[in-house]
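Structure file work.cif (mmCIF, C-alpha atoms) is printed below.
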data_start
loop_
_atom_site.label_atom_id
_atom_site.label_comp_id
_atom_site.auth_asym_id
_atom_site.auth_seq_id
_atom_site.Cartn_x
_atom_site.Cartn_y
_atom_site.Cartn_z
CA MET A 9 10.14 -20.71 -9.16
CA LYS A 10 8.47 -21.72 -5.90
CA ILE A 11 6.27 -19.19 -4.12
CA LEU A 12 4.80 -19.46 -0.63
CA ILE A 13 1.70 -17.43 0.24
CA ALA A 14 1.22 -16.73 3.95
CA GLY A 15 -2.32 -15.52 4.56
CA LEU A 16 -5.28 -16.42 2.35
CA GLY A 17 -7.70 -13.56 2.88
CA SER A 18 -8.91 -11.48 -0.05
CA ILE A 19 -5.49 -10.05 -0.98
CA GLY A 20 -3.79 -13.43 -0.59
CA ARG A 21 -6.38 -14.97 -2.94
CA ARG A 22 -5.78 -12.18 -5.45
CA HIS A 23 -2.04 -12.87 -5.38
CA LEU A 24 -2.73 -16.59 -5.82
CA ARG A 25 -4.89 -16.00 -8.90
CA ASN A 26 -2.32 -13.65 -10.38
CA LEU A 27 0.53 -16.11 -9.84
CA ILE A 28 -1.48 -18.76 -11.67
CA ALA A 29 -2.31 -16.29 -14.46
CA LEU A 30 1.42 -15.54 -14.84
CA GLY A 31 2.22 -19.23 -15.22
CA VAL A 32 3.68 -20.00 -11.78
CA GLU A 33 2.91 -23.64 -11.04
CA ASP A 34 4.81 -24.34 -7.82
CA ILE A 35 2.71 -22.55 -5.20
CA ILE A 36 2.47 -23.58 -1.56
CA LEU A 37 0.37 -22.12 1.25
CA TYR A 38 0.89 -21.33 4.92
CA ARG A 39 -2.49 -21.02 6.63
CA SER A 40 -3.91 -20.33 10.06
CA GLY A 41 -7.31 -21.67 8.99
CA LYS A 42 -9.08 -18.43 10.01
CA ALA A 43 -9.90 -17.14 6.52
CA THR A 44 -13.59 -16.49 5.92
CA LEU A 45 -13.55 -17.26 2.18
CA ASP A 46 -14.48 -20.50 0.41
CA ASP A 47 -11.56 -22.92 0.09
CA ALA A 48 -12.65 -24.33 -3.27
CA GLU A 49 -10.03 -22.41 -5.27
CA LEU A 50 -7.28 -23.76 -3.00
CA ALA A 51 -7.97 -27.39 -3.93
CA GLY A 52 -4.87 -29.26 -5.05
CA LEU A 53 -2.39 -26.82 -3.49
CA LYS A 54 -0.04 -28.04 -0.78
CA SER A 55 -0.90 -26.33 2.50
CA TYR A 56 1.02 -26.12 5.78
CA SER A 57 -0.13 -25.05 9.22
CA ASN A 58 3.44 -24.95 10.56
CA LEU A 59 5.64 -22.12 9.24
CA ASP A 60 8.92 -23.99 9.72
CA GLU A 61 7.60 -26.87 7.61
CA ALA A 62 6.46 -24.45 4.91
CA LEU A 63 9.83 -22.68 4.81
CA ALA A 64 11.63 -26.04 4.74
CA GLN A 65 10.25 -26.38 1.19
CA LYS A 66 12.75 -23.62 0.28
CA PRO A 67 10.50 -21.16 -1.53
CA ASP A 68 12.20 -18.56 -3.73
CA GLY A 69 9.69 -15.95 -2.61
CA VAL A 70 7.24 -15.54 0.25
CA ILE A 71 4.13 -13.36 -0.01
CA VAL A 72 3.21 -12.00 3.43
CA SER A 73 -0.52 -11.25 3.24
CA ASN A 74 -1.75 -12.07 6.74
CA PRO A 75 -3.00 -9.33 9.15
CA SER A 76 -0.58 -6.42 9.59
CA ALA A 77 0.26 -7.18 13.24
CA LEU A 78 1.35 -10.70 12.21
CA HIS A 79 3.58 -9.73 9.27
CA LEU A 80 6.90 -9.89 11.10
CA ALA A 81 6.14 -13.29 12.61
CA VAL A 82 6.25 -14.63 9.04
CA ALA A 83 8.60 -12.18 7.31
CA LEU A 84 11.54 -12.50 9.72
CA PRO A 85 11.74 -16.34 9.68
CA ALA A 86 11.25 -16.27 5.88
CA ALA A 87 14.12 -13.80 5.46
CA LYS A 88 16.34 -15.91 7.72
CA ALA A 89 15.43 -18.95 5.59
CA GLY A 90 16.74 -17.16 2.50
CA ALA A 91 13.54 -16.12 0.73
CA ASN A 92 12.71 -12.88 -1.05
CA LEU A 93 9.59 -11.19 0.29
CA LEU A 94 6.51 -9.38 -0.94
CA ILE A 95 5.04 -7.82 2.21
CA GLU A 96 1.57 -6.37 1.95
CA LYS A 97 1.26 -2.81 3.19
CA PRO A 98 1.72 -1.70 5.85
CA VAL A 99 4.95 -3.61 6.41
CA SER A 100 3.89 -3.99 10.05
CA HIS A 101 1.66 -2.39 12.65
CA SER A 102 4.70 -0.71 14.25
CA LEU A 103 8.40 -0.06 13.60
CA GLU A 104 9.59 -2.66 16.09
CA GLY A 105 11.63 -5.45 14.51
CA LEU A 106 11.91 -3.93 11.03
CA ASP A 107 15.65 -3.24 11.36
CA ALA A 108 16.18 -6.91 12.25
CA LEU A 109 14.21 -7.88 9.15
CA GLN A 110 16.42 -5.72 6.91
CA LEU A 111 19.53 -7.22 8.52
CA ALA A 112 18.31 -10.77 7.88
CA LEU A 113 17.64 -9.93 4.23
CA ASP A 114 21.07 -8.33 3.82
CA LEU A 115 22.84 -11.31 5.38
CA ASN A 116 21.21 -13.65 2.86
CA LYS A 117 21.52 -11.18 -0.06
CA LYS A 118 17.73 -11.18 -0.52
CA ARG A 119 15.25 -8.36 -1.05
CA ALA A 120 11.80 -7.39 0.13
CA MET A 121 9.14 -5.53 -1.83
CA THR A 122 6.41 -3.60 -0.03
CA GLY A 123 2.95 -4.03 -1.56
CA PHE A 124 2.05 -0.42 -2.33
CA HIS A 125 0.39 -1.27 -5.62
CA PHE A 126 -0.49 2.31 -6.60
CA ARG A 127 3.12 2.67 -7.74
CA PHE A 128 2.02 0.53 -10.67
CA HIS A 129 -0.87 2.81 -11.66
CA PRO A 130 -0.10 3.95 -15.22
CA VAL A 131 -1.61 7.43 -14.76
CA LEU A 132 0.24 8.07 -11.51
CA ARG A 133 3.39 7.09 -13.41
CA GLN A 134 2.53 9.70 -16.03
CA ILE A 135 2.04 12.26 -13.27
CA LYS A 136 5.44 11.34 -11.82
CA GLN A 137 7.07 11.99 -15.20
CA ILE A 138 5.29 15.36 -15.53
CA LEU A 139 6.51 16.38 -12.08
CA GLU A 140 10.07 15.25 -12.76
CA GLU A 141 10.15 17.15 -16.07
CA LYS A 142 8.52 20.19 -14.40
CA SER A 143 6.09 20.46 -17.33
CA LEU A 144 3.87 22.61 -15.09
CA GLY A 145 6.71 24.21 -13.20
CA LYS A 146 7.47 23.50 -9.57
CA ALA A 147 4.91 21.59 -7.49
CA LEU A 148 3.59 23.66 -4.58
CA TYR A 149 0.74 21.74 -2.92
CA ALA A 150 -0.83 18.29 -2.95
CA LYS A 151 -4.15 17.11 -1.54
CA VAL A 152 -5.41 13.54 -1.18
CA HIS A 153 -8.99 12.70 -0.22
CA TRP A 154 -9.72 9.01 0.35
CA GLY A 155 -13.03 8.04 1.93
CA GLU A 156 -14.37 4.48 2.07
CA TYR A 157 -17.23 2.69 3.83
CA LEU A 158 -15.58 -0.18 5.69
CA PRO A 159 -18.64 -2.51 5.96
CA ASP A 160 -18.82 -2.62 2.15
CA TRP A 161 -15.24 -3.83 1.68
CA HIS A 162 -15.81 -7.52 2.37
CA PRO A 163 -19.57 -8.18 2.29
CA TRP A 164 -18.98 -11.85 3.09
CA GLU A 165 -17.66 -11.08 6.60
CA ASP A 166 -18.56 -9.00 9.65
CA TYR A 167 -16.45 -5.83 9.29
CA ARG A 168 -16.06 -5.73 13.09
CA GLN A 169 -14.01 -8.93 12.90
CA SER A 170 -11.78 -7.75 10.06
CA TYR A 171 -8.17 -6.76 10.66
CA ALA A 172 -8.97 -3.22 9.47
CA ALA A 173 -11.30 -2.64 12.43
CA ARG A 174 -9.23 -4.26 15.19
CA ALA A 175 -6.35 -2.62 17.01
CA GLU A 176 -4.72 -5.93 17.99
CA LEU A 177 -4.41 -6.87 14.29
CA GLY A 178 -2.91 -3.55 13.23
CA GLY A 179 -6.10 -1.94 11.96
CA GLY A 180 -7.27 1.64 11.85
CA VAL A 181 -7.70 3.93 8.88
CA VAL A 182 -4.15 5.36 9.06
CA ASN A 183 -2.50 1.94 8.80
CA THR A 184 -5.01 0.41 6.42
CA LEU A 185 -5.22 3.32 3.95
CA SER A 186 -1.55 4.26 4.16
CA HIS A 187 -1.03 4.20 0.37
CA PRO A 188 -0.97 8.01 0.00
CA PHE A 189 1.95 8.30 2.41
CA ASP A 190 3.92 6.09 0.03
CA TYR A 191 2.83 7.48 -3.31
CA LEU A 192 3.22 11.09 -2.17
CA ARG A 193 6.82 10.31 -1.14
CA TRP A 194 7.33 8.61 -4.51
CA LEU A 195 5.90 11.59 -6.42
CA LEU A 196 7.09 14.53 -4.33
CA GLY A 197 9.97 13.44 -2.10
CA ASP A 198 10.46 12.82 1.59
CA VAL A 199 8.32 14.39 4.29
CA GLU A 200 10.06 16.84 6.63
CA SER A 201 7.31 17.22 9.26
CA LEU A 202 3.60 16.70 9.84
CA GLY A 203 0.70 17.46 12.12
CA ALA A 204 -2.40 15.27 12.41
CA ARG A 205 -5.77 14.75 14.03
CA CYS A 206 -7.24 11.24 14.21
CA ALA A 207 -10.54 10.21 15.75
CA HIS A 208 -13.39 7.72 15.80
CA VAL A 209 -16.29 9.91 14.66
CA SER A 210 -18.83 7.52 13.10
CA SER A 211 -21.19 4.92 14.56
CA LEU A 212 -19.08 2.06 13.20
CA GLU A 213 -18.25 -0.47 15.92
CA MET A 214 -14.45 -0.67 16.26
CA ASP A 215 -11.64 0.18 18.65
CA VAL A 216 -9.55 2.10 16.09
CA GLU A 217 -9.69 5.51 14.41
CA ASP A 218 -12.01 5.90 11.39
CA HIS A 219 -10.94 9.47 10.52
CA ALA A 220 -7.59 11.17 9.94
CA ASP A 221 -6.55 14.59 8.65
CA VAL A 222 -2.83 15.07 8.12
CA GLN A 223 -0.91 18.22 7.18
CA LEU A 224 2.44 17.50 5.53
CA ARG A 225 5.50 19.56 4.77
CA PHE A 226 7.95 17.97 2.34
CA GLU A 227 11.72 18.50 2.45
CA ASN A 228 11.55 20.49 -0.80
CA GLY A 229 9.00 22.92 0.66
CA ILE A 230 5.87 21.43 -0.93
CA MET A 231 2.84 21.50 1.37
CA GLY A 232 0.27 18.71 1.49
CA HIS A 233 -2.91 17.42 3.09
CA VAL A 234 -4.23 13.85 3.38
CA HIS A 235 -7.77 12.97 4.50
CA LEU A 236 -8.64 9.34 5.23
CA ASP A 237 -11.89 7.83 6.51
CA TYR A 238 -13.84 4.59 6.87
CA TYR A 239 -17.37 6.07 6.79
CA GLN A 240 -17.84 7.76 3.42
CA LYS A 241 -20.64 6.62 1.07
CA PRO A 242 -20.20 6.59 -1.87
CA PRO A 243 -16.42 6.22 -1.64
CA SER A 244 -13.88 8.37 -3.46
CA HIS A 245 -10.11 8.52 -3.80
CA THR A 246 -8.61 11.59 -5.49
CA LEU A 247 -5.29 13.41 -5.75
CA GLU A 248 -4.81 17.06 -6.66
CA ILE A 249 -1.41 18.66 -7.22
CA THR A 250 -1.07 22.39 -7.70
CA CYS A 251 2.01 23.58 -9.59
CA GLU A 252 3.30 27.01 -10.60
CA GLN A 253 1.85 26.70 -14.11
CA GLY A 254 -1.21 24.50 -13.66
CA ARG A 255 -2.80 21.59 -11.81
CA LEU A 256 -3.04 17.81 -11.96
CA LEU A 257 -6.32 16.14 -10.90
CA TRP A 258 -6.42 12.33 -10.59
CA ASP A 259 -9.49 10.25 -9.80
CA ASN A 260 -9.01 6.61 -8.88
CA ALA A 261 -12.61 5.81 -9.84
CA THR A 262 -12.02 6.66 -13.50
CA ALA A 263 -8.30 5.80 -13.53
CA GLU A 264 -7.81 9.13 -15.35
CA ALA A 265 -6.28 12.52 -14.61
CA ARG A 266 -6.73 16.00 -15.99
CA MET A 267 -3.80 18.31 -16.67
CA LEU A 268 -4.93 21.94 -16.39
CA PHE A 269 -2.78 24.80 -17.72
CA ALA A 270 -2.52 28.24 -16.12
CA ASP A 271 -2.02 29.93 -19.51
CA GLY A 272 -5.50 29.01 -20.75
CA ARG A 273 -4.57 26.11 -23.00
CA SER A 274 -7.16 23.34 -23.29
CA GLU A 275 -6.82 20.72 -20.62
CA LYS A 276 -5.07 17.45 -21.38
CA LYS A 277 -6.47 14.10 -20.31
CA LEU A 278 -4.11 11.47 -18.93
CA GLU A 279 -5.52 7.98 -19.51
CA ALA A 280 -4.59 4.43 -18.65
CA PRO A 281 -3.98 1.99 -21.53
CA LYS A 282 -7.02 0.29 -22.99
CA GLY A 283 -8.10 -2.68 -20.88
CA PHE A 284 -6.70 -1.30 -17.64
CA GLU A 285 -8.52 -2.40 -14.49
CA ARG A 286 -7.65 -2.45 -10.80
CA ASN A 287 -6.09 -5.90 -10.96
CA THR A 288 -3.68 -4.70 -13.66
CA MET A 289 -1.67 -2.98 -10.92
CA PHE A 290 -1.50 -6.18 -8.88
CA LEU A 291 -0.45 -8.19 -11.94
CA ASP A 292 2.35 -5.73 -12.69
CA GLU A 293 3.37 -5.79 -9.04
CA MET A 294 3.53 -9.59 -9.16
CA ARG A 295 5.60 -9.52 -12.36
CA ALA A 296 8.03 -7.22 -10.58
CA PHE A 297 8.16 -9.53 -7.55
CA LEU A 298 8.92 -12.55 -9.71
CA GLY A 299 11.67 -10.53 -11.38
CA LEU A 300 13.02 -9.64 -7.96
CA CYS A 301 13.05 -13.34 -7.03
CA ARG A 302 15.01 -14.05 -10.22
CA GLY A 303 17.62 -11.51 -9.14
CA GLU A 304 16.77 -8.93 -11.80
CA ASP A 305 17.85 -5.32 -11.39
CA LEU A 306 14.61 -3.34 -11.28
CA ASP A 307 12.90 -0.35 -9.73
CA TYR A 308 10.62 -1.48 -6.90
CA CYS A 309 9.01 -0.36 -3.66
CA SER A 310 11.58 -1.62 -1.17
CA LEU A 311 11.37 -2.57 2.48
CA GLN A 312 12.98 0.78 3.29
CA ASP A 313 10.18 2.52 1.36
CA GLY A 314 7.70 0.56 3.45
CA ILE A 315 9.52 1.51 6.65
CA ARG A 316 9.44 5.19 5.69
CA ALA A 317 5.71 5.02 5.06
CA GLN A 318 5.28 3.37 8.45
CA GLU A 319 7.40 6.08 10.09
CA ILE A 320 4.92 8.60 8.69
CA VAL A 321 2.02 6.51 10.07
CA GLU A 322 3.65 6.42 13.51
CA ALA A 323 4.28 10.18 13.39
CA VAL A 324 0.61 10.75 12.48
CA LYS A 325 -0.46 8.83 15.57
CA ARG A 326 2.01 10.62 17.83
CA SER A 327 0.90 14.00 16.54
CA SER A 328 -2.76 13.20 17.07
CA GLN A 329 -2.13 11.93 20.60
CA ALA A 330 -0.30 15.19 21.33
CA GLY A 331 -3.19 17.35 20.14
CA GLY A 332 -2.06 17.80 16.54
CA CYS A 333 1.38 19.28 17.24
CA THR A 334 4.05 19.26 14.54
CA ILE A 335 6.23 16.15 14.49
CA PRO A 336 9.58 16.28 12.63
CA LEU A 337 10.69 13.24 10.65
CA GLU A 338 14.34 12.34 10.51
CA TRP A 339 15.44 9.92 7.82
#

Would you mind writing the file out in structure tokens?
Amino acid sequence: MKILIAGLGSIGRRHLRNLIALGVEDIILYRSGKATLDDAELAGLKSYSNLDEALAQKPDGVIVSNPSALHLAVALPAAKAGANLLIEKPVSHSLEGLDALQLALDLNKKRAMTGFHFRFHPVLRQIKQILEEKSLGKALYAKVHWGEYLPDWHPWEDYRQSYAARAELGGGVVNTLSHPFDYLRWLLGDVESLGARCAHVSSLEMDVEDHADVQLRFENGIMGHVHLDYYQKPPSHTLEITCEQGRLLWDNATAEARMLFADGRSEKKLEAPKGFERNTMFLDEMRAFLGLCRGEDLDYCSLQDGIRAQEIVEAVKRSSQAGGCTIPLEW
């Protein structure tokens, strides 16, 4: 198994460490040289500054972990070269070129995974099972609140220079914190329509939005709301789902959820396995990607899933630009 990593920022380094932890020895790098992290952990790894030369090494899989606006510039040549892909979310900063990427993958009988790692959260998986079994009856409403303080993400760099804060690199809170648009689809089904308001409301220095409020209507009639921001201190990331016969309350900070019953029964706690930590999700994601590269038949977050999440992101922006009007989504 030979894996190429394109982009060695914080997420690229995490993927590198996880590949090594999983026993992958043949790892090569494609680098622009613009990373702000120490290169000590990259010692001994073959590195290329030319993408064609890197792809000529015939990697089985390519991890696309450079800035969002540069994803396709790596992913499309890699797909044409016959590699499977793990593309960090969002799959791109726009929808342009994504159909061509899918076509290139299909022609070479390869697959692409989108890096929405919350699909590997063990408690969210328990919630998915509860919803599928209708243990609390039909789901009626879902609310996500995710607030972060952007300058605290990468203390080693100036947040104003990070991809998350720069429009030309595909930044903005809607693109960067797009996970809920994927995991809500995964848990509740496709979105029928939405209305949104996005703005830059804080004193943070950036040319992108740092605030978004999105109202969702799912195809099955479930209503939803997603709040995202870059300015909240301390941060929080929570999900609440109201059902006919109770509620589900998940908190990313504790990795736990509470299952509340409308009939007065004592609440049930949903917990992750002992030893779970944030990197556990990334390790499980990497195991799945290696299985995908081996041709295994498995459930994974596909390129089409990533495209659908990006279609929601684009609809959010269109709605906000139009004053919050309802935008239908057609799949």

| request: Please tell me which residues are no farther than 12 Å from (6.8, 17.7, -11.9) in the file, counting all atoms listed in the file, and write them as a ChimeraX atom specification. | output: /A:132-150,194-197,230,249-256,267

| task | Return the single residue from A:Val32, A:Leu185, A:Val324, A:Leu257 that is closest to Ala204 in chain A, with distances computed using only C-alpha atoms. | result |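 Checking each of A:Val32, A:Leu185, A:Val324, A:Leu257 against Ala204 in chain A, counting only C-alpha atoms, the winner is A:Val324.
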
| message | Nearest residue to Gln318 in chain A out of A:Phe290, A:Trp161, A:Tyr238, A:Phe124, using only C-alpha atoms? | response |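 For Gln318 in chain A, the nearest of the given residues is A:Phe124.
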
| If we count all atoms listed in the file, what is near Gly303 in chain A at a cut-off of 10 Å, once residues fewer than 5 positions away on the same chain are taken out, given as a list in words? |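 Within the cut-off, the hits are Asn92, Lys117, Lys118, Arg119, Phe297 and Leu298 of chain A.
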
| field | Best match for closeness to Lys10 in chain A among A:Tyr56, A:Val182, A:Cys301, A:Tyr308, counting all atoms listed in the file | value | A:Cys301

So that all listed atoms of range 254-270 of chain A fit with 8 Å spare on each side, what axis-aligned box centre and edge lengths in Å, to one decimal, would you give as JSON?
{"center_x": -6.9, "center_y": 17.0, "center_z": -13.3, "size_x": 27.4, "size_y": 38.4, "size_z": 24.8}

| query | CA of Ala173 in chain A and CA of Ser55 in chain A, how far apart in Å? | reply | 27.7 Å
